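Enquirer: Here it is: the structure, laid out below.
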Amino acid sequence: MTQFVIPQEQWAQVVEKSGGLPAPVYKKIPVPNPDPDEVLINIKYSGVCHTDLHALKGDWPLDRKMPLVGGHEGAGIVVAKGSLVTDIEIGDHAGIKWLNGSCLSCAFCMEGDEPLCPHALLSGYTVDGTFQQYAIGKAAHVARLPKDLDLAAVAPVLCAGITVYKGLKESNTRAGQYVAIVGAGGGLGSLALQYAKAIGLHTIAIDGGAEKGKFCKSLGAAAYVDFTTSKDLVAEVKAATPGGLGPHAVILLAVQEGPFQQATEYVRSHGAVVCIGMPAGAYLKAPVFDTVVRMINIKGSYVGNRLDTYEAIEFFRQGLIQAPFKIAPLSELPEIFKKMDAGTIVGRYVVDTNMLRG
Ligand code: NAD
Ligand code: ZN
């Protein structure tokens with residue numbers, strides 16, 4: 001069995017205070033030890049999700065750990081494991097996702113609704129996450145990564161990929177139908193375009209600016225609607241579908257409230273509006289009359305369970321998911337958050353924990 005030399009200390013990005021847009025502090029902290037049911041993963045790459053920015057700013061009515069190491073799209077190598085872990089070996093490749101652990105015995109876990117477990121542990125939120133070189137994951141929940149997968153490229157699949165794949169499942173669409181992806185030029189959006197295409201869906205990408213338009217088209221979008229310039233977004237989205245009937249589903253990934261209200265106006269009758277993005281303090285509002293007589297299905301979708309994780313990774317392994325991403329050193333995380341806050345990131349950033357500055 002391979003043995004790894006585990007250092008006492010490691011580099012990490014630590015959020016030390018909440019409110020506003022505080023920069024996480026890049027510093028050395030101790031390497032944690034796994035409990036009997038946990039593994040220690042040497043994180044090589046971690047995707048940077050907008051959820052990490054929400055956590056940094058304290059956007060949501062959900063308490064988080066403080067000080068906090070954020071991050072929940074971490075891919076790396078298992079370097080240590082607890083005494084109860086029998087189905088993962090040291091040296092295996094594995095990923096840490098948002099759902100770090102769940103009890104596996106409550107009514108929700110038994111149904112496969114693990115993200116709804118009242119005892120769920122959330123990586124980079126209620127437990128330290130992947131913006132560090134060594135992170136802990138509950139063995140039952142870490143994603144198993146075949147060794148031939150590129151660890152940088154698979155990192156965004158661990159949240160963005162799983163989440164949009166699950167959202168598409170929840171939309172109950174099937175091959176040949178139309179789906180609007182709102183926020184298509186962002187991290188989740190770029191993967192949603194790829195998963196939708198792999199499933200055989202036609203996509204209408206909605207986002208802002210010409211660069212994101214070009215990017216969405218390159219990922220297979222059949223049409224692009226620019227929310228920053230469109231005079232009538234509802235009409236444009238409908239016009240991009242056969243007969244102008246509107247898309248069979250809308251996958252909402254935007255980080256503003258506005259599009260959440262608009263989606264029910266252009267979704268096709270009997271279609272689904274799937275809410276995934278979580279703008280701070282946002283509410284959903286839709287006319288009851290239209291919702292009833294057009295039989296509109298409005299629902300939420302929250303990450304995915306262990307089977308969704310396996311399936312999302314399997315699409316990637318088969319070469320069907322090729323969303324481009326940018327790599328930056330872990331030390332540059334604060335700059336990435338600033339760009340994300342300004343909405344200027346096209347696709348996903350992945351931080352490399354070994355590319356150290358200075
Ligand atoms: P991102 O910043 O990479 O992308 C967001 C995109 O939305 C950007 O491209 C931005 O230009 C676009 N946008 C903003 N306003 C818009 C508008 N009015 N119309 C259309 N597009 C608009 O963010 P991300 O990492 O893709 O995350 C997106 C959201 O999904 C965040 O709120 C995040 O917390 C949430 N999320 C939810 C889950 C879940 O399980 N439900 C999982 C992961 C992330
Ligand atoms: Zn995420």
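Residues are referred to by chain and number: the chain letter is A, B, ... according to the order shown in the structure tokens, the number counts from 1 in that chain, and ligands are numbered separately from 1 in the order shown.
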Which residues are near range 136-143 of chain A? Cut-off 6 Å, only C-alpha atoms, ignore same chain within fewer than 3 positions. Put them as a PyMOL selection string.
Expert: chain A and resi 37-40+94-96+100-101
Enquirer: Tell me, as a list of chain:residue names, which residues lie within 12 Å of Met295 in chain A, counting only C-alpha atoms; anything in the same chain fewer than 4 positions away does not count.
Expert: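 Neighbouring residues, sequence-local ones excluded: A:His248, A:Thr264, A:Val267, A:Arg268, A:Ser269, A:His270, A:Gly271, A:Ala272, A:Val273, A:Pro287, A:Val288, A:Phe289, A:Asp290, A:Thr291.
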Enquirer: How would you write, as a count of residues only, the set of residues in range 203-273 of chain A that DSSP gives as strand (DSSP E or B)?
Expert: 15
Enquirer: So which one's closest to Tyr302 in chain A, A:Leu158, A:Cys275, A:Ala80, A:Ala249? Using only C-alpha atoms, please.
Expert: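 Of the candidates, the smallest distance to Tyr302 in chain A is held by A:Cys275.
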Enquirer: Can you measure CA of Leu149 in chain A to CA of Ala312 in chain A for me? One decimal in Å is fine.
Expert: 13.1 Å
Enquirer: Would you name the residues within 6 Å of ligand 2, counting only C-alpha atoms and all ligand atoms, and put them as an MDAnalysis selection string?
Expert: chainID A and resid 49 51 159:160
Enquirer: Can you tell me which residues come within 6 Å of ligand 1 when counting only C-alpha atoms and all ligand atoms, ideally as a PyMOL selection string?
Expert: chain A and resi 49-51+159-160+163+182-183+185-189+206-208+227+253-256+258-259+276-279+301-303+340+343
Enquirer: Write out, as a CSV table (one decimal), in the first residue's frame, the residues just selected, with N, CA and C atoms.
Expert:
chain,number,residue,atom,x,y,z
A,49,CYS,N,-17.1,28.1,-6.4
A,49,CYS,CA,-18.5,28.1,-6.7
A,49,CYS,C,-19.1,29.5,-6.1
A,50,HIS,N,-20.1,30.0,-6.7
A,50,HIS,CA,-20.7,31.2,-6.2
A,50,HIS,C,-21.2,31.0,-4.8
A,51,THR,N,-21.5,29.7,-4.4
A,51,THR,CA,-21.9,29.4,-3.0
A,51,THR,C,-20.9,29.8,-2.0
A,159,CYS,N,-19.6,20.0,-7.6
A,159,CYS,CA,-20.8,20.7,-7.2
A,159,CYS,C,-21.6,21.1,-8.4
A,160,ALA,N,-20.9,22.0,-9.3
A,160,ALA,CA,-21.7,22.5,-10.4
A,160,ALA,C,-22.3,21.3,-11.3
A,163,THR,N,-25.1,19.3,-9.4
A,163,THR,CA,-26.2,20.1,-9.1
A,163,THR,C,-27.1,20.3,-10.4
A,182,VAL,N,-30.7,29.8,-17.3
A,182,VAL,CA,-30.6,31.2,-16.9
A,182,VAL,C,-29.3,31.4,-16.0
A,183,GLY,N,-28.4,32.2,-16.5
A,183,GLY,CA,-27.0,32.2,-15.9
A,183,GLY,C,-26.1,31.3,-16.6
A,185,GLY,N,-23.7,31.5,-18.7
A,185,GLY,CA,-22.3,31.7,-18.9
A,185,GLY,C,-21.5,31.6,-17.7
A,186,GLY,N,-22.1,31.3,-16.5
A,186,GLY,CA,-21.4,31.1,-15.3
A,186,GLY,C,-20.9,29.7,-15.1
A,187,GLY,N,-20.5,29.4,-13.8
A,187,GLY,CA,-19.9,28.1,-13.5
A,187,GLY,C,-20.9,26.9,-13.7
A,188,LEU,N,-22.1,27.1,-13.0
A,188,LEU,CA,-23.1,26.0,-13.1
A,188,LEU,C,-23.7,26.0,-14.5
A,189,GLY,N,-23.9,27.2,-15.1
A,189,GLY,CA,-24.5,27.3,-16.4
A,189,GLY,C,-23.7,26.6,-17.5
A,206,ILE,N,-29.3,32.1,-21.4
A,206,ILE,CA,-29.6,33.4,-21.0
A,206,ILE,C,-28.5,33.9,-20.0
A,207,ASP,N,-27.9,35.0,-20.4
A,207,ASP,CA,-26.9,35.6,-19.5
A,207,ASP,C,-26.6,37.0,-20.1
A,208,GLY,N,-25.5,37.7,-19.6
A,208,GLY,CA,-25.3,39.0,-20.1
A,208,GLY,C,-23.9,39.2,-20.8
A,227,PHE,N,-29.6,39.3,-21.4
A,227,PHE,CA,-30.5,40.0,-20.5
A,227,PHE,C,-30.2,41.5,-20.3
A,253,LEU,N,-30.2,29.6,-12.6
A,253,LEU,CA,-28.9,29.6,-11.9
A,253,LEU,C,-28.4,31.0,-11.6
A,254,ALA,N,-29.3,32.0,-11.9
A,254,ALA,CA,-28.8,33.4,-11.8
A,254,ALA,C,-28.7,33.8,-10.3
A,255,VAL,N,-27.9,34.8,-10.1
A,255,VAL,CA,-27.6,35.3,-8.8
A,255,VAL,C,-28.3,36.6,-8.5
A,256,GLN,N,-29.4,36.9,-9.3
A,256,GLN,CA,-30.3,38.0,-9.0
A,256,GLN,C,-31.7,37.5,-8.9
A,258,GLY,N,-34.6,39.0,-10.1
A,258,GLY,CA,-35.4,39.3,-11.3
A,258,GLY,C,-35.8,38.1,-12.2
A,259,PRO,N,-34.8,37.4,-12.6
A,259,PRO,CA,-35.2,36.3,-13.5
A,259,PRO,C,-36.0,35.2,-12.9
A,276,ILE,N,-32.4,26.9,-8.7
A,276,ILE,CA,-31.1,26.4,-8.2
A,276,ILE,C,-30.3,27.5,-7.6
A,277,GLY,N,-30.2,28.6,-8.3
A,277,GLY,CA,-29.5,29.8,-7.8
A,277,GLY,C,-30.1,30.3,-6.5
A,278,MET,N,-29.3,30.9,-5.6
A,278,MET,CA,-29.9,31.4,-4.3
A,278,MET,C,-29.5,32.8,-4.0
A,279,PRO,N,-30.0,33.8,-4.8
A,279,PRO,CA,-29.7,35.2,-4.5
A,279,PRO,C,-30.1,35.5,-3.1
A,301,SER,N,-34.3,22.7,-6.4
A,301,SER,CA,-33.4,21.6,-6.6
A,301,SER,C,-32.1,21.9,-5.9
A,302,TYR,N,-31.7,20.9,-5.0
A,302,TYR,CA,-30.5,21.2,-4.1
A,302,TYR,C,-29.5,20.1,-4.3
A,303,VAL,N,-28.3,20.4,-4.7
A,303,VAL,CA,-27.2,19.5,-5.1
A,303,VAL,C,-27.7,18.1,-5.5
A,340,MET,N,-16.0,37.4,-9.4
A,340,MET,CA,-17.3,36.7,-9.3
A,340,MET,C,-18.4,37.7,-8.9
A,343,GLY,N,-19.5,39.7,-11.6
A,343,GLY,CA,-20.2,38.9,-12.6
A,343,GLY,C,-19.4,38.8,-13.9
Enquirer: Hey, can you check how far CA of Val31 in chain A sits from CA of Ala12 in chain A?
Expert: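 Computed distance, CA of Val31 in chain A to CA of Ala12 in chain A, equals 9.8 Å.
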